[in-house]
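**Q** Following this message is one structure expressed as structure tokens.
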Amino acid sequence: MLLTPVRVGIVGATGSVGKAFCDVCALYPDRFKVVAMASGRNVSGLVSLAKKFGCEAICSFSGDPSVVSFEGRVYGGSLGLMEMIQRENVQHWAFLASGTQCVPHFDLAVSMGIDVSIANKESIVVAGPWILGKARPGQVRPVDSEHSAIWQCIMGEPSEVERVILTASGGPFRDVPLDRLKHVTPSEALAHPVWSMGAKITVDSATMANKGIECIEAMRLFDIPMDRVDALIHPRSQVHGMVMFKDGTYKMVLSRADMRLPAAMALSYPERLPLADHLAPVAISDWDLCFREVEKDRFQAFFLAKEAGKKDGPYPALYVGADEVAVESFLTGRIAFDQIPRVLEDVMSSYSGPAPGSVDEALALVEHGREMALKVCESLGRL
């Protein structure tokens, strides 16, 4: 019996996770057909990729869409992406770009009943309380390697989850002397030991702000209190996540660090695709199950994110906005690397307003966090 391929749309198609999705779809053209793509600045890359896959529509967030050289339907900007989601015949949307820009699009796709793969942790952290409640079981599928691992651990489990543990490489500074952190340069912070990612998420990995945000994401996705969500440093990045159940049993997902695996899981759920022949195997003799605790003095940003998640209300959104500005300020030389946690702490401690009551109010709080962080960075830059 011949199956009709699932019609897939990819937002963030030219990024590293987008490439993983494209690779999986290319390996299984009888299962998946990429029909729509969107990206930010890389217009030429978007057009080239769309032509390769025979896409019917694209959306560019950069420049005038009318001048894009593409024979199919062309949409432009945030409103154009909303229009593309509404008009195009897509059965599975993948939201893979970082930041909160895609929150309205994620919300729309879920509201329309479309299956969604998401590697956009900020959308879950900021807008999850309102969007995830609309989704049917299995409709929203996590793509971050850690959350995919947790999802796979609890799949089909009737047992109550006692503890969720994400893993982190610890970034490039997990072993450097603490007094060296104030002298870290942007190029050093961008040298991640395992993953190839964009600048923002790479710096977040170096401070472990990223892992703290992922803890909040896990709290949202799996409906588990923050005090039962944690992270461990696992330098080899072979175990991506683990779950402890109420009887004390642990389950973990171990694999090579390859984003095609969580991409395939999200696309093919509830099945698994036969990918083993396409990936370099991890030999049993190469397994390294060494873990260590996250150091509070070294990774203050991680613990501040955990605090934001525990308090919840306005703090996750404020943290996301403040972190964007703090990282950008570090990359442009306005603040030092070790001042990033200071910015986050000052923003959260100085806020005295209400919690958000809607997606729009949560997004407004992200912007407020950005504005507050800009003032903090300006003051630190004058010291």
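Identifiers in this document derive from the order of the structure tokens: chains are assigned A, B, ..., residues are numbered from 1 separately in each chain, and ligands are numbered from 1 in order of occurrence.
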Quick one: residues within 6 Å of Pro262 of chain A, only C-alpha atoms, excluding same-chain residues fewer than 4 positions away - as an NGL selection string?

**A** :A and (143 or 145 or 148)

**Q** Please dump the current selection as a short mmCIF file (atom, residue, chain, number, x, y, z; two decimals), in the first residue's frame; keep N, CA and C atoms.

**A**
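Contents of result.cif, as written:
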```cif
data_model
loop_
_atom_site.label_atom_id
_atom_site.label_comp_id
_atom_site.auth_asym_id
_atom_site.auth_seq_id
_atom_site.Cartn_x
_atom_site.Cartn_y
_atom_site.Cartn_z
N VAL A 143 12.09 18.96 19.63
CA VAL A 143 13.21 18.63 18.75
C VAL A 143 14.56 18.85 19.42
N SER A 145 17.61 18.15 21.42
CA SER A 145 18.03 16.77 21.68
C SER A 145 17.69 16.33 23.09
N SER A 148 13.78 15.87 23.34
CA SER A 148 13.42 14.68 22.59
C SER A 148 13.76 13.43 23.40
#
```

**Q** Against segment 103-124 of chain A, which residues of segment 153-217 of chain A fall within 12 Å? For each one I want the closest pair of atoms and the distance in Å (one decimal), counting only C-alpha atoms, rows by chain and increasing residue number, as CSV.

**A**
```
residue,atom,partner,partner_atom,distance
A:Ile201,CA,A:Lys121,CA,10.7
A:Ala209,CA,A:Glu122,CA,12.0
A:Asn210,CA,A:Lys121,CA,9.1
A:Lys211,CA,A:Lys121,CA,10.3
A:Gly212,CA,A:Lys121,CA,10.8
A:Ile213,CA,A:Lys121,CA,7.3
A:Glu214,CA,A:Lys121,CA,6.7
A:Cys215,CA,A:Lys121,CA,9.9
A:Ile216,CA,A:Ile124,CA,8.5
A:Glu217,CA,A:Ile124,CA,5.9
```

**Q** With C-alpha atoms kept, could you save the residues just selected as a PDB file, in the first residue's frame?

**A**
```pdb
ATOM      1  CA  ILE A 201      22.779  29.833  21.544  1.00  0.00           C
ATOM      2  CA  ALA A 209      21.812  30.040  30.453  1.00  0.00           C
ATOM      3  CA  ASN A 210      20.681  27.819  27.588  1.00  0.00           C
ATOM      4  CA  LYS A 211      20.415  24.795  29.857  1.00  0.00           C
ATOM      5  CA  GLY A 212      18.502  26.816  32.446  1.00  0.00           C
ATOM      6  CA  ILE A 213      16.034  27.937  29.771  1.00  0.00           C
ATOM      7  CA  GLU A 214      15.763  24.293  28.691  1.00  0.00           C
ATOM      8  CA  CYS A 215      14.867  23.335  32.280  1.00  0.00           C
ATOM      9  CA  ILE A 216      11.952  25.787  32.115  1.00  0.00           C
ATOM     10  CA  GLU A 217      11.051  24.333  28.715  1.00  0.00           C
TER      11      GLU A 217
END
```

**Q** Can you pull out the residues contacting Ile335 of chain A? Cut-off 8 Å, using only C-alpha atoms, and skip same-chain residues under 6 positions away; I want them as an MDAnalysis selection string.

**A** chainID A and resid 326 329 377 380:381

**Q** Considering only C-alpha atoms, state which residue in the set A:Pro316, A:Gly321, A:Gly80, A:Gly357 is at the smallest distance from Leu304 of chain A.

**A**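 Comparing A:Pro316, A:Gly321, A:Gly80, A:Gly357 against Leu304 of chain A, the winner is A:Pro316.
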
**Q** Taking 2 positions as the minimum chain separation for residues in the same chain, which residues sit within 9 Å of Ala149 of chain A when counting only C-alpha atoms? Answer as a list in words.

**A**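 Near Ala149 of chain A, the qualifying residues are Asp144, Ser145, Glu146, His147, Trp151, Gln152, Cys153, Ile154, Leu166, Val239, His240, Gly241, Met242, Met252, Val253, Leu254 and Pro262 of chain A.
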
**Q** Pick from A:Leu261, A:Val243, A:Val203, A:Met208: nearest to Ser159 of chain A, with only C-alpha atoms counted?

**A**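 Of the candidates, the smallest distance to Ser159 of chain A is held by A:Val243.
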
**Q** Name the closest residue to Ala322 of chain A among the candidates A:Val376, A:Val294, A:Ile284, A:Val8; distances are taken between atoms, counting only C-alpha atoms.

**A**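 Closest to Ala322 of chain A of all the choices is A:Val376.
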
**Q** From a DSSP pass on the backbone, collect the residues of segment 255-291 of chain A flagged as helix (DSSP H, G or I) and hand them back as number ranges by chain.

**A** A: 260-268, 276-278, 284-286
